[in-house]
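Content type PDB, C-alpha atoms, from the file entry01.pdb:
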```pdb
ATOM      1  CA  MET A   1       6.714  29.786  39.114
ATOM      2  CA  VAL A   2       3.020  29.132  39.309
ATOM      3  CA  ASN A   3       0.866  32.063  38.326
ATOM      4  CA  TYR A   4      -2.031  32.334  40.673
ATOM      5  CA  PRO A   5      -5.459  33.093  39.346
ATOM      6  CA  HIS A   6      -5.535  36.576  40.791
ATOM      7  CA  GLN A   7      -2.988  37.579  38.185
ATOM      8  CA  GLN A   8      -5.432  37.080  35.408
ATOM      9  CA  PRO A   9      -5.664  40.266  33.378
ATOM     10  CA  ASP A  10      -8.839  41.934  32.300
ATOM     11  CA  LEU A  11      -8.801  41.099  28.603
ATOM     12  CA  ASP A  12     -11.098  43.952  27.637
ATOM     13  CA  ARG A  13      -8.609  46.256  29.147
ATOM     14  CA  VAL A  14      -5.670  44.492  27.531
ATOM     15  CA  PHE A  15      -7.148  44.787  24.062
ATOM     16  CA  ALA A  16      -8.111  48.417  24.579
ATOM     17  CA  THR A  17      -4.585  49.107  25.759
ATOM     18  CA  LEU A  18      -3.031  47.430  22.747
ATOM     19  CA  ALA A  19      -5.166  49.469  20.361
ATOM     20  CA  ASP A  20      -2.788  52.403  20.831
ATOM     21  CA  PRO A  21       0.318  52.388  18.585
ATOM     22  CA  THR A  22       2.580  54.182  21.071
ATOM     23  CA  ARG A  23       1.765  51.650  23.738
ATOM     24  CA  ARG A  24       2.419  48.813  21.315
ATOM     25  CA  ALA A  25       5.750  50.431  20.505
ATOM     26  CA  ILE A  26       6.595  50.625  24.199
ATOM     27  CA  LEU A  27       5.770  46.941  24.601
ATOM     28  CA  ALA A  28       7.827  46.026  21.540
ATOM     29  CA  ARG A  29      10.786  47.894  22.973
ATOM     30  CA  LEU A  30      10.409  46.186  26.346
ATOM     31  CA  ALA A  31      10.183  42.815  24.635
ATOM     32  CA  GLN A  32      13.797  43.232  23.513
ATOM     33  CA  VAL A  33      15.324  43.982  26.887
ATOM     34  CA  GLU A  34      15.224  42.785  30.449
ATOM     35  CA  SER A  35      14.130  46.148  31.807
ATOM     36  CA  LEU A  36      14.481  49.856  31.057
ATOM     37  CA  SER A  37      14.334  52.974  33.157
ATOM     38  CA  VAL A  38      11.418  55.266  32.383
ATOM     39  CA  SER A  39      13.706  57.950  30.969
ATOM     40  CA  ALA A  40      15.586  55.462  28.752
ATOM     41  CA  LEU A  41      12.270  54.110  27.585
ATOM     42  CA  ALA A  42      10.953  57.589  26.763
ATOM     43  CA  GLU A  43      14.102  58.633  24.897
ATOM     44  CA  PRO A  44      13.284  57.486  21.336
ATOM     45  CA  PHE A  45       9.749  58.780  21.499
ATOM     46  CA  ALA A  46       8.898  62.191  20.142
ATOM     47  CA  ILE A  47       6.551  62.779  23.026
ATOM     48  CA  LYS A  48       7.108  64.322  26.409
ATOM     49  CA  LEU A  49       7.969  62.290  29.477
ATOM     50  CA  PRO A  50       4.604  62.924  31.202
ATOM     51  CA  ALA A  51       2.843  61.532  28.120
ATOM     52  CA  VAL A  52       5.026  58.440  28.280
ATOM     53  CA  MET A  53       4.256  58.137  31.978
ATOM     54  CA  LYS A  54       0.575  58.254  31.171
ATOM     55  CA  HIS A  55       0.983  55.418  28.685
ATOM     56  CA  LEU A  56       2.901  53.459  31.297
ATOM     57  CA  ASP A  57       0.045  53.959  33.744
ATOM     58  CA  VAL A  58      -2.365  52.473  31.217
ATOM     59  CA  LEU A  59      -0.033  49.573  30.453
ATOM     60  CA  GLY A  60       0.483  48.979  34.159
ATOM     61  CA  ALA A  61      -3.241  49.024  34.891
ATOM     62  CA  ALA A  62      -3.767  46.398  32.187
ATOM     63  CA  GLY A  63      -1.129  44.211  33.808
ATOM     64  CA  LEU A  64       1.130  44.350  30.748
ATOM     65  CA  ILE A  65       4.123  45.912  32.441
ATOM     66  CA  THR A  66       5.522  46.106  35.930
ATOM     67  CA  ARG A  67       7.383  49.041  37.410
ATOM     68  CA  ARG A  68       9.815  48.866  40.248
ATOM     69  CA  LYS A  69      11.489  51.762  41.942
ATOM     70  CA  ARG A  70      15.233  51.412  42.159
ATOM     71  CA  GLY A  71      16.960  54.300  43.895
ATOM     72  CA  ARG A  72      15.986  57.383  41.947
ATOM     73  CA  THR A  73      14.938  55.594  38.781
ATOM     74  CA  VAL A  74      11.984  53.418  37.950
ATOM     75  CA  ASP A  75      12.607  50.170  36.088
ATOM     76  CA  VAL A  76       9.976  49.087  33.635
ATOM     77  CA  ARG A  77       9.658  45.553  32.415
ATOM     78  CA  LEU A  78       7.289  43.523  30.338
ATOM     79  CA  SER A  79       4.974  41.387  32.396
ATOM     80  CA  ALA A  80       5.404  38.105  30.572
ATOM     81  CA  SER A  81       2.494  36.510  32.379
ATOM     82  CA  ALA A  82       0.124  39.070  30.930
ATOM     83  CA  LEU A  83       1.127  38.252  27.398
ATOM     84  CA  ARG A  84      -0.161  34.739  27.275
ATOM     85  CA  GLY A  85      -3.346  33.478  25.767
ATOM     86  CA  PRO A  86      -6.575  32.589  27.521
ATOM     87  CA  SER A  87      -5.715  28.894  27.572
ATOM     88  CA  ALA A  88      -2.692  29.701  29.717
ATOM     89  CA  TRP A  89      -5.030  31.125  32.360
ATOM     90  CA  LEU A  90      -6.954  27.909  32.446
ATOM     91  CA  ARG A  91      -3.723  25.993  32.911
ATOM     92  CA  ASP A  92      -2.928  28.277  35.845
ATOM     93  CA  TYR A  93      -6.194  27.265  37.490
ATOM     94  CA  GLU A  94      -5.312  23.651  36.917
ATOM     95  CA  ARG A  95      -1.932  24.203  38.491
ATOM     96  CA  PHE A  96      -3.640  25.928  41.380
ATOM     97  CA  TRP A  97      -6.102  23.130  42.101
ATOM     98  CA  SER A  98      -4.268  19.995  41.126
ATOM     99  CA  PRO A  99      -1.797  19.789  44.048
ATOM    100  CA  ALA A 100      -4.565  20.818  46.455
ATOM    101  CA  LEU A 101      -6.787  17.981  45.257
ATOM    102  CA  ASP A 102      -3.875  15.562  45.597
ATOM    103  CA  ARG A 103      -3.594  16.593  49.231
ATOM    104  CA  LEU A 104      -7.375  16.269  49.612
ATOM    105  CA  VAL A 105      -7.087  12.667  48.377
ATOM    106  CA  ALA A 106      -4.300  11.899  50.864
ATOM    107  CA  HIS A 107      -6.223  13.550  53.697
ATOM    108  CA  ALA A 108      -9.505  11.714  52.969
ATOM    109  CA  GLU A 109      -7.745   8.363  52.604
ATOM    110  CA  ARG A 110      -6.039   8.889  55.957
ATOM    111  CA  LYS A 111      -9.417   9.679  57.525
ATOM    112  CA  GLU A 112     -10.904   6.585  55.902
ATOM    113  CA  ALA A 113      -8.146   4.407  57.363
ATOM    114  CA  GLN A 114      -8.785   5.907  60.805
ATOM    115  CA  ALA A 115     -12.539   5.354  60.489
ATOM    116  CA  ARG A 116     -11.996   1.721  59.499
ATOM    117  CA  ALA A 117      -9.666   1.148  62.419
ATOM    118  CA  VAL A 118     -12.299   2.501  64.792
ATOM    119  CA  GLU A 119     -14.995   0.326  63.198
ATOM    120  CA  ALA A 120     -12.798  -2.771  63.398
ATOM    121  CA  ARG A 121     -12.181  -2.165  67.109
ATOM    122  CA  ARG A 122     -15.918  -1.781  67.717
ATOM    123  CA  LYS A 123     -16.682  -4.992  65.859
ATOM    124  CA  SER A 124     -14.075  -7.032  67.759
ATOM    125  CA  ARG A 125     -15.510  -5.963  71.090
TER
ATOM    126  CA  MET B   1     -17.684  29.225  28.761
ATOM    127  CA  ASN B   2     -14.280  28.512  30.195
ATOM    128  CA  SER B   3     -13.912  25.900  32.841
ATOM    129  CA  ILE B   4     -11.502  23.310  34.070
ATOM    130  CA  THR B   5     -12.450  19.909  35.404
ATOM    131  CA  LEU B   6     -10.229  17.713  37.484
ATOM    132  CA  VAL B   7     -11.067  14.185  38.600
ATOM    133  CA  ARG B   8      -9.653  12.094  41.397
ATOM    134  CA  ARG B   9     -10.409   8.545  42.519
ATOM    135  CA  ILE B  10     -10.297   8.484  46.314
ATOM    136  CA  LYS B  11     -10.198   5.400  48.504
ATOM    137  CA  ALA B  12     -12.515   6.934  51.072
ATOM    138  CA  ARG B  13     -16.278   6.944  51.503
ATOM    139  CA  PRO B  14     -18.213   9.967  50.180
ATOM    140  CA  SER B  15     -19.132  11.246  53.667
ATOM    141  CA  ILE B  16     -15.445  11.533  54.568
ATOM    142  CA  VAL B  17     -14.624  13.337  51.326
ATOM    143  CA  PHE B  18     -17.651  15.570  51.826
ATOM    144  CA  ASP B  19     -16.465  16.541  55.310
ATOM    145  CA  ALA B  20     -13.006  17.278  53.967
ATOM    146  CA  LEU B  21     -14.617  19.716  51.533
ATOM    147  CA  THR B  22     -17.102  21.405  53.825
ATOM    148  CA  THR B  23     -15.651  21.626  57.326
ATOM    149  CA  ALA B  24     -13.036  24.115  58.463
ATOM    150  CA  GLU B  25     -10.845  21.333  59.802
ATOM    151  CA  GLY B  26     -11.101  19.381  56.549
ATOM    152  CA  ILE B  27     -10.466  22.342  54.260
ATOM    153  CA  ALA B  28      -7.449  23.408  56.312
ATOM    154  CA  ALA B  29      -5.855  20.017  55.646
ATOM    155  CA  TRP B  30      -5.515  20.361  51.889
ATOM    156  CA  TRP B  31      -6.339  23.833  50.567
ATOM    157  CA  GLY B  32      -3.996  25.967  48.529
ATOM    158  CA  PRO B  33      -1.538  25.560  45.695
ATOM    159  CA  ASP B  34       1.476  25.068  47.937
ATOM    160  CA  ASP B  35       1.991  22.802  50.906
ATOM    161  CA  VAL B  36       1.819  25.677  53.371
ATOM    162  CA  PRO B  37      -0.530  25.679  56.380
ATOM    163  CA  VAL B  38      -3.814  27.452  55.850
ATOM    164  CA  VAL B  39      -4.049  30.544  58.024
ATOM    165  CA  ARG B  40      -7.763  30.631  58.705
ATOM    166  CA  VAL B  41     -10.894  28.859  57.519
ATOM    167  CA  GLN B  42     -14.538  29.621  58.068
ATOM    168  CA  ALA B  43     -17.163  27.440  56.445
ATOM    169  CA  ASP B  44     -20.901  27.493  56.990
ATOM    170  CA  ALA B  45     -21.866  24.574  54.792
ATOM    171  CA  ARG B  46     -25.512  25.166  54.051
ATOM    172  CA  VAL B  47     -27.234  26.821  51.125
ATOM    173  CA  GLY B  48     -26.543  30.547  51.405
ATOM    174  CA  GLY B  49     -23.798  29.963  53.955
ATOM    175  CA  ALA B  50     -20.422  31.596  53.486
ATOM    176  CA  TYR B  51     -16.915  30.251  53.413
ATOM    177  CA  ARG B  52     -13.641  32.079  53.657
ATOM    178  CA  VAL B  53     -10.180  30.565  53.384
ATOM    179  CA  ARG B  54      -7.101  32.601  54.082
ATOM    180  CA  PHE B  55      -3.941  30.873  53.017
ATOM    181  CA  ARG B  56      -0.314  31.582  52.410
ATOM    182  CA  THR B  57       1.756  30.599  49.413
ATOM    183  CA  LEU B  58       5.403  29.542  49.474
ATOM    184  CA  ASP B  59       6.466  33.073  48.599
ATOM    185  CA  GLY B  60       4.984  34.143  51.950
ATOM    186  CA  ARG B  61       2.095  36.121  50.512
ATOM    187  CA  GLU B  62      -1.393  35.816  51.877
ATOM    188  CA  HIS B  63      -4.365  35.085  49.676
ATOM    189  CA  GLU B  64      -8.014  34.743  50.467
ATOM    190  CA  ALA B  65     -10.713  32.828  48.661
ATOM    191  CA  TYR B  66     -14.299  33.351  49.690
ATOM    192  CA  GLY B  67     -17.805  32.758  48.511
ATOM    193  CA  THR B  68     -21.220  31.334  49.176
ATOM    194  CA  PHE B  69     -22.525  27.793  49.060
ATOM    195  CA  LEU B  70     -25.176  27.590  46.354
ATOM    196  CA  GLU B  71     -25.961  23.891  46.623
ATOM    197  CA  ILE B  72     -25.254  21.443  49.407
ATOM    198  CA  VAL B  73     -26.382  17.868  48.915
ATOM    199  CA  ALA B  74     -24.575  15.772  51.503
ATOM    200  CA  PRO B  75     -22.604  13.734  50.691
ATOM    201  CA  ARG B  76     -22.942  14.036  46.928
ATOM    202  CA  ARG B  77     -22.715  17.566  45.599
ATOM    203  CA  ILE B  78     -21.377  20.990  46.502
ATOM    204  CA  VAL B  79     -21.683  24.158  44.430
ATOM    205  CA  MET B  80     -20.171  27.416  45.575
ATOM    206  CA  THR B  81     -19.188  30.813  44.264
ATOM    207  CA  TRP B  82     -15.522  31.703  44.239
ATOM    208  CA  ASP B  83     -13.974  35.106  44.691
ATOM    209  CA  TYR B  84     -10.414  35.980  45.326
ATOM    210  CA  ALA B  85      -8.657  38.582  47.395
ATOM    211  CA  PHE B  86      -4.968  39.197  47.518
ATOM    212  CA  GLY B  87      -3.112  41.183  50.155
ATOM    213  CA  GLY B  88      -6.407  42.083  51.796
ATOM    214  CA  GLU B  89      -7.901  43.647  48.683
ATOM    215  CA  ALA B  90     -10.475  42.111  46.401
ATOM    216  CA  ASP B  91      -9.026  41.258  43.029
ATOM    217  CA  GLU B  92     -10.068  44.157  40.830
ATOM    218  CA  HIS B  93      -9.795  42.090  37.666
ATOM    219  CA  GLY B  94     -11.577  39.225  39.289
ATOM    220  CA  ARG B  95     -14.995  37.987  38.555
ATOM    221  CA  THR B  96     -17.087  35.654  40.589
ATOM    222  CA  SER B  97     -16.577  32.150  39.304
ATOM    223  CA  ARG B  98     -18.205  28.920  40.386
ATOM    224  CA  ILE B  99     -16.960  25.641  41.784
ATOM    225  CA  GLU B 100     -18.989  22.477  41.332
ATOM    226  CA  ILE B 101     -18.005  19.301  43.091
ATOM    227  CA  ASP B 102     -19.655  15.940  42.540
ATOM    228  CA  LEU B 103     -18.927  12.874  44.625
ATOM    229  CA  VAL B 104     -19.884   9.567  43.057
ATOM    230  CA  PRO B 105     -19.475   6.455  45.189
ATOM    231  CA  PHE B 106     -17.876   3.302  43.852
ATOM    232  CA  ALA B 107     -17.017   0.080  45.678
ATOM    233  CA  GLY B 108     -14.260   1.101  48.034
ATOM    234  CA  GLY B 109     -14.328   4.799  47.532
ATOM    235  CA  THR B 110     -15.431   7.986  45.841
ATOM    236  CA  ASP B 111     -14.926   9.489  42.435
ATOM    237  CA  LEU B 112     -14.419  13.203  42.800
ATOM    238  CA  ARG B 113     -15.252  15.496  39.935
ATOM    239  CA  PHE B 114     -14.118  19.063  40.528
ATOM    240  CA  THR B 115     -15.084  21.813  38.101
ATOM    241  CA  HIS B 116     -14.097  25.453  38.299
ATOM    242  CA  ALA B 117     -16.449  27.185  35.875
ATOM    243  CA  ASP B 118     -17.266  30.657  34.589
ATOM    244  CA  LEU B 119     -13.601  31.512  34.344
ATOM    245  CA  ALA B 120     -12.900  34.617  32.302
ATOM    246  CA  SER B 121     -15.525  33.783  29.726
ATOM    247  CA  ASP B 122     -14.852  37.142  28.098
ATOM    248  CA  ALA B 123     -11.492  35.745  27.071
ATOM    249  CA  SER B 124     -13.064  33.358  24.623
ATOM    250  CA  GLU B 125     -15.679  35.856  23.489
ATOM    251  CA  LEU B 126     -13.018  38.419  22.782
ATOM    252  CA  SER B 127     -10.833  35.927  21.000
ATOM    253  CA  HIS B 128     -13.707  35.155  18.680
ATOM    254  CA  ALA B 129     -14.450  38.810  18.172
ATOM    255  CA  TRP B 130     -10.884  39.434  17.164
ATOM    256  CA  GLY B 131     -10.401  36.249  15.228
ATOM    257  CA  TRP B 132      -7.803  35.494  17.798
ATOM    258  CA  THR B 133      -6.579  31.956  17.557
ATOM    259  CA  GLY B 134      -3.194  32.072  19.176
ATOM    260  CA  SER B 135      -1.821  33.872  22.132
ATOM    261  CA  PHE B 136      -0.593  37.264  23.092
ATOM    262  CA  GLU B 137       2.918  36.077  22.420
ATOM    263  CA  LYS B 138       2.120  36.202  18.728
ATOM    264  CA  LEU B 139       1.099  39.790  19.125
ATOM    265  CA  VAL B 140       4.368  40.646  20.797
ATOM    266  CA  ARG B 141       6.288  38.991  17.975
ATOM    267  CA  HIS B 142       4.141  40.883  15.530
ATOM    268  CA  VAL B 143       4.804  44.267  17.060
ATOM    269  CA  GLU B 144       8.482  43.398  17.184
ATOM    270  CA  HIS B 145       8.470  42.714  13.444
ATOM    271  CA  VAL B 146       6.505  45.811  12.617
ATOM    272  CA  GLY B 147       9.168  47.679  14.516
ATOM    273  CA  ILE B 148       8.846  50.699  16.624
ATOM    274  CA  SER B 149      10.154  53.506  14.453
ATOM    275  CA  ALA B 150       6.946  53.935  12.489
ATOM    276  CA  ASP B 151       4.928  54.533  15.602
ATOM    277  CA  LEU B 152       7.332  56.583  17.610
ATOM    278  CA  ASP B 153       5.928  60.006  16.992
ATOM    279  CA  SER B 154       2.300  59.116  17.228
ATOM    280  CA  GLU B 155       0.642  60.313  20.330
ATOM    281  CA  SER B 156      -2.915  59.460  21.170
TER
END
```
As structure tokens:
Amino acid sequence: MVNYPHQQPDLDRVFATLADPTRRAILARLAQVESLSVSALAEPFAIKLPAVMKHLDVLGAAGLITRRKRGRTVDVRLSASALRGPSAWLRDYERFWSPALDRLVAHAERKEAQARAVEARRKSR
Amino acid sequence: MNSITLVRRIKARPSIVFDALTTAEGIAAWWGPDDVPVVRVQADARVGGAYRVRFRTLDGREHEAYGTFLEIVAPRRIVMTWDYAFGGEADEHGRTSRIEIDLVPFAGGTDLRFTHADLASDASELSHAWGWTGSFEKLVRHVEHVGISADLDSES
């Protein structure tokens, strides 16, 4: 799926977020699985659930993870799109504009054909 | 500075291409990443004038791009700011970027040069600051190798 430019993360924030070892550990754990509930994610950590939640808030704000409520649990997963390099963001912009410009070309060429038809009619009168 | 440039050779005169880029009717005909009708367009194509394009993507979500025309030289050049809102809220990570469009006539048509500039320039600055040459994927692999046990009981 195309990633639209609005999904671009704030890289300052991403780097600041990654500076914390617990948060890196959380990301590393999420990198190995599809998704984990918050309580399953907190389990191996020697810190309290609220502290884990706080880390998840920071990771979420940086766009590195996504959380989705499912029934009474919250699933956490790595946001793969956030973990790509700057060049990937530029490619996203290209993917955003390229099909639009193709349609612009088609539209303008249609208009040109119409304009020429009108001009030809005028000339033949 | 990060920018992308796309070029297209169009078999249409510059004035027609210019109109397609600066009028509401024209913009509505091509805008957006998916072939989904544009919801609403406003465009006041003069220096200092505003534009606003609300469009939908194939996943049904509404997006809005908006900005101000900085340069209008009909039918040759358009420069405008570009901001982005999603779901009615301005993109909090967003920054104002800039779009520059040049139309160069050739026999039988127009060469379009489309540049989206000032994109996340902090990305490159930060990569230099960190000696970052690859991508975040490398970092993920790295933290996977380092393992998680060593860091488990550290709390910041």
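Residues captured in this structure file are Ala106, His107, Ala108, Glu109, Arg110, Lys111, Glu112, Gln114, Ala115, Arg116, Ala117, Val118, Glu119 and Ala120 of chain A; Ile10, Lys11, Ala12, Arg13, Ile16, Gly108 and Gly109 of chain B, according to the PyMOL selection byres ((chain A and resi 113) around 12).
Among A:Thr22, A:Ser37, A:Ser124, A:Thr73, the residue with the shortest atom-to-atom distance to chain B, counting all atoms listed in the file, is A:Thr22.
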Take every atom of segment 15-24 of chain B listed in the file, pad by 4 Å on each side, and give me the axis-aligned box centre and edge lengths in Å, one decimal, as AutoDock Vina command-line options.
```
--center_x -16.1 --center_y 17.7 --center_z 54.9 --size_x 14.1 --size_y 20.9 --size_z 15.1
```
note = Restricting to only C-alpha atoms, whichever of B:Asp83, B:Ile78, B:Gly49, B:Arg98 is closest to Ala65 of chain B is B:Asp83
query = How would you write, as a PyMOL selection string, the residues chosen by the PyMOL selection byres ((chain A and resi 66) around 6) on this structure?
reply = chain A and resi 65+67+76-77+79
message = Expand the PyMOL selection byres ((chain A and resi 18) around 10) into the explicit residue set it covers here, and present it as an NGL selection string.
response = (:A and (13-17 or 19-25 or 27 or 58-59 or 62 or 64)) or (:B and (139))
